[in-house]
Amino acid sequence: MKPSYLIKPALDERYPEIDYGKGVFLFDKEGKKYLDAASGAVTANIGHGVPEIILAMHEQSKRVSFVYRSQFTSEAAEKLAEKLADALPGDLNWSFFVNSGSEATETALKIAIQYWQEKGIKSKTKILSRWISYHGITLGALSMSGHPGRRARFVPLLEEFPSISPPYCYRCPYQSTAPECGFLCAMELDGAIKRIGSDHIAGFIAEPVIGAAGGAITPPEGYYETIKKICDENNILFIADEVMTGFGRTGPMLASENWNIIPDIVALGKGMGAGYAPIAATVVSDHVMEPILHGSKSIMSGHTLSANPQSCAAALAVLEYLENNDILSDVESKSVYLKNKLDQLKKQFEFIGDVRGKGLLLGLEFVRMPGAKIPFERSMKLTELVVKAGRDQGILLYPAGAGLDGMSGDAVIISPPLTITKREIDELINLLKATFIEVYRILG
Ligand code: PLP
């Protein structure tokens with residue numbers, strides 16, 4: 001076998017080689033065009049080849065590409081931190097820059113524990129989380145992740161963090177509907193805290209809209225209010241993992257804002273660098289920083305490439321691009337336009353069991369028997385089939401987990417760049433239709 005780089009999940013599969021990207025499209029070396037309906041992995045939020053970002057990175061690299069964060073700061077890092085503080089709600093004013101979403105959630109975990117230690121409470125070391133979640137691949141982040149498939153190999157090394165059910169209304173574990181259910185899945189948090197003892201729990205982490213693990217599972221109105229109230233009443237920090245949902249993916253800068261929630265700590269990634277540079281951040285509120293600033297005065301975490309000037313310049317340019325072009329104000333109308341068309345497709349292709357999501361983070365769950373919500377046999381690998389058929393038709397979709405265990409069902413995420421036009425959404429729908437016709441043909 002020819003040696004190759006080891007990033008590909010399937011080492012025996014040959015991926016097309018991409019030549020260039022422009023807007024919502026990617027073009028491979030053979031000239032094939034793909035509509036990037038997933039923004040890669042919900043990352044290329046402003047599309048490909050945006051000259052302003054490329055120029056900002058180039059200008060920064062002409063001045064200096066790297067300074068070590070424990071020796072120097074840079075104008076790009078300072079400006080980015082300042083601008084982020086302005087753009088984020090509440091007193092989320094302190095940014096710790098890292099290079100990936102996993103590092104951002106792992107740092108959030110550490111800061112939450114450190115916060116309580118600096119207040120003199122050493123017993124609060126657990127982070128609670130939900131099943132059907134993904135917070136990253138490093139061991140701390142994976143410990144928090146309710147993703148059985150990604151945990152399986154490493155279970156002996158992981159902490160037992162996931163503890164409560166997700167707000168998965170399509171497959172409600174209580175066979176109820178919101179709000180009549182009284183948010184029983186949120187109330188599980190109260191039960192878990194009582195069982196473990198709040199004096200052992202530093203924080204609770206959740207993705208506002210569940211991404212890779214559940215295919216854009218979106219909570220009902222009232223869910224996050226209940227969660228935040230339980231956290232506050234029990235002295236537990238609320239950590240929002242906005243790695244996928246942040247930077248306007250669902251409309252506002254943070255998806256938490258959709259439900260008027262201001263988290264104590266936020267993890268950002270993906271759309272922050274929008275694929276132009278590896279950058280992520282853990283953003284901490286004033287009230288969480290206070291005991292640290294009056295205590296050890298340092299965060300016990302960090303990476304060699306934290307706050308890399310070129311990555312900071314890219315993220316700053318992305319933030320400016322979002323503002324200068326007023327990108328976020330159009331997300332809701334594009335979402336309604338796209339979601340209506342997906343609802344129409346659901347009527348045509350009955351294997352679409354559920355259309356869900358928020359903003360431009362939408363998901364389709366596929367089922368064999370829509371009435372009974374019975375999934376396909378997992379051995380049929382329907383998600384993989386849909387993604388492959390999509391790629392062949394020239395549309396890129398993001399595979400996601402589904403089912404109450406996050407593994408037994410099939411779903412894809414549809415999350416085009418926020419810059420997509422309505423005409424391009426029409427094109428996306430036509431390609432999706434062609435993909436589903438092909439999948440039906442293969443299924444016979
Ligand atoms: N958190 C969420 C919600 C994610 O979706 C992801 C990645 O998919 C991560 C964390 C991990 O980010 P990364 O892959 O950049 O380490």
# chains A, B, ... in the order shown; residues from 1 in each chain; ligands from 1
call {"tool": "residues_around", "arguments": {"residues": "segment 208-220 of chain A", "least_positions_apart": "5", "cutoff": "6 Å", "atoms": "only C-alpha atoms", "output": "number ranges by chain"}}
result
A: 132-134, 167, 357, 362-363, 400-402, 411-413
call {"tool": "write_last_selection", "arguments": {"atoms": "N, CA and C atoms", "output": "PDB file, in the first residue's frame"}}
result
ATOM      1  N   ILE A 132     -25.605  11.234  24.259  1.00  0.00           N
ATOM      2  CA  ILE A 132     -25.740  11.790  22.902  1.00  0.00           C
ATOM      3  C   ILE A 132     -25.141  13.186  22.884  1.00  0.00           C
ATOM      4  N   SER A 133     -23.846  13.223  23.053  1.00  0.00           N
ATOM      5  CA  SER A 133     -23.127  14.504  22.994  1.00  0.00           C
ATOM      6  C   SER A 133     -21.718  14.230  22.496  1.00  0.00           C
ATOM      7  N   TYR A 134     -21.098  15.267  21.991  1.00  0.00           N
ATOM      8  CA  TYR A 134     -19.680  15.140  21.609  1.00  0.00           C
ATOM      9  C   TYR A 134     -18.955  16.420  21.975  1.00  0.00           C
ATOM     10  N   PRO A 167     -32.250  16.268  25.318  1.00  0.00           N
ATOM     11  CA  PRO A 167     -33.626  16.716  25.009  1.00  0.00           C
ATOM     12  C   PRO A 167     -34.022  16.289  23.595  1.00  0.00           C
ATOM     13  N   GLY A 357     -33.549  21.298  13.902  1.00  0.00           N
ATOM     14  CA  GLY A 357     -32.365  22.150  13.968  1.00  0.00           C
ATOM     15  C   GLY A 357     -32.715  23.594  14.233  1.00  0.00           C
ATOM     16  N   LEU A 362     -29.059  22.353  10.563  1.00  0.00           N
ATOM     17  CA  LEU A 362     -30.276  21.554  10.411  1.00  0.00           C
ATOM     18  C   LEU A 362     -29.908  20.072  10.279  1.00  0.00           C
ATOM     19  N   GLY A 363     -30.843  19.221  10.670  1.00  0.00           N
ATOM     20  CA  GLY A 363     -30.562  17.788  10.618  1.00  0.00           C
ATOM     21  C   GLY A 363     -31.736  17.019  10.043  1.00  0.00           C
ATOM     22  N   ALA A 400     -24.076  12.007  11.011  1.00  0.00           N
ATOM     23  CA  ALA A 400     -24.274  12.170  12.456  1.00  0.00           C
ATOM     24  C   ALA A 400     -24.880  10.908  13.034  1.00  0.00           C
ATOM     25  N   GLY A 401     -24.789  10.776  14.350  1.00  0.00           N
ATOM     26  CA  GLY A 401     -25.415   9.655  15.040  1.00  0.00           C
ATOM     27  C   GLY A 401     -26.897   9.937  15.244  1.00  0.00           C
ATOM     28  N   ALA A 402     -27.654   8.917  15.577  1.00  0.00           N
ATOM     29  CA  ALA A 402     -29.076   9.086  15.917  1.00  0.00           C
ATOM     30  C   ALA A 402     -29.514   7.841  16.675  1.00  0.00           C
ATOM     31  N   ALA A 411     -28.561   9.755  10.582  1.00  0.00           N
ATOM     32  CA  ALA A 411     -28.882  11.178  10.416  1.00  0.00           C
ATOM     33  C   ALA A 411     -27.757  11.872   9.666  1.00  0.00           C
ATOM     34  N   VAL A 412     -28.104  12.980   9.021  1.00  0.00           N
ATOM     35  CA  VAL A 412     -27.068  13.853   8.454  1.00  0.00           C
ATOM     36  C   VAL A 412     -27.355  15.283   8.898  1.00  0.00           C
ATOM     37  N   ILE A 413     -26.286  16.061   8.934  1.00  0.00           N
ATOM     38  CA  ILE A 413     -26.416  17.485   9.239  1.00  0.00           C
ATOM     39  C   ILE A 413     -26.294  18.269   7.939  1.00  0.00           C
TER      40      ILE A 413
END
call {"tool": "residues_around", "arguments": {"residues": "Pro166 of chain A", "least_positions_apart": "5", "cutoff": "7 Å", "atoms": "only C-alpha atoms", "output": "list in words"}}
result
Arg130, Trp131, Ile132 and Cys185 of chain A
call {"tool": "write_last_selection", "arguments": {"atoms": "N, CA and C atoms", "output": "short mmCIF file (atom, residue, chain, number, x, y, z; two decimals), in the first residue's frame"}}
result
data_model
loop_
_atom_site.label_atom_id
_atom_site.label_comp_id
_atom_site.auth_asym_id
_atom_site.auth_seq_id
_atom_site.Cartn_x
_atom_site.Cartn_y
_atom_site.Cartn_z
N ARG A 130 -24.35 15.11 29.15
CA ARG A 130 -25.51 14.33 28.69
C ARG A 130 -25.06 13.19 27.78
N TRP A 131 -25.88 12.18 27.72
CA TRP A 131 -25.69 11.17 26.67
C TRP A 131 -26.09 11.81 25.34
N ILE A 132 -25.61 11.23 24.26
CA ILE A 132 -25.74 11.79 22.90
C ILE A 132 -25.14 13.19 22.88
N CYS A 185 -36.36 15.45 31.14
CA CYS A 185 -34.95 15.16 30.82
C CYS A 185 -34.03 16.20 31.47
#
call {"tool": "residues_around", "arguments": {"residues": "segment 391-396 of chain A", "least_positions_apart": "6", "cutoff": "12 Å", "atoms": "only C-alpha atoms", "output": "PyMOL selection string"}}
result
chain A and resi 15-16+24-28+31-42+384-385+412-417+424-425+427-439
call {"tool": "residues_near_ligand", "arguments": {"ligand": "ligand 1", "cutoff": "10 Å", "atoms": "only C-alpha atoms and all ligand atoms", "output": "VMD selection string"}}
result
chain A and resid 41 to 43 98 to 106 133 to 138 141 to 142 145 206 to 213 240 to 246 267 to 271 278 to 280
call {"tool": "select_by_dssp", "arguments": {"residues": "segment 259-321 of chain A", "states": "strand (DSSP E or B)", "output": "PyMOL selection string"}}
result
chain A and resi 265-268+280-285
call {"tool": "select_by_dssp", "arguments": {"residues": "segment 50-131 of chain A", "states": "alpha helix (DSSP H)", "output": "count of residues only"}}
result
44
call {"tool": "residues_around", "arguments": {"residues": "Gly120 of chain A", "least_positions_apart": "2", "cutoff": "12 Å", "atoms": "only C-alpha atoms", "output": "list in words"}}
result
Ile113, Gln114, Tyr115, Trp116, Gln117, Glu118, Lys122, Ser123, Lys124, Asp199, Pro291, Ile292, Gly295 and Ser296 of chain A
call {"tool": "atom_distance", "arguments": {"atom1": "atom CA of Cys231 of chain A", "atom2": "atom CA of Ser129 of chain A"}}
result
12.0 Å
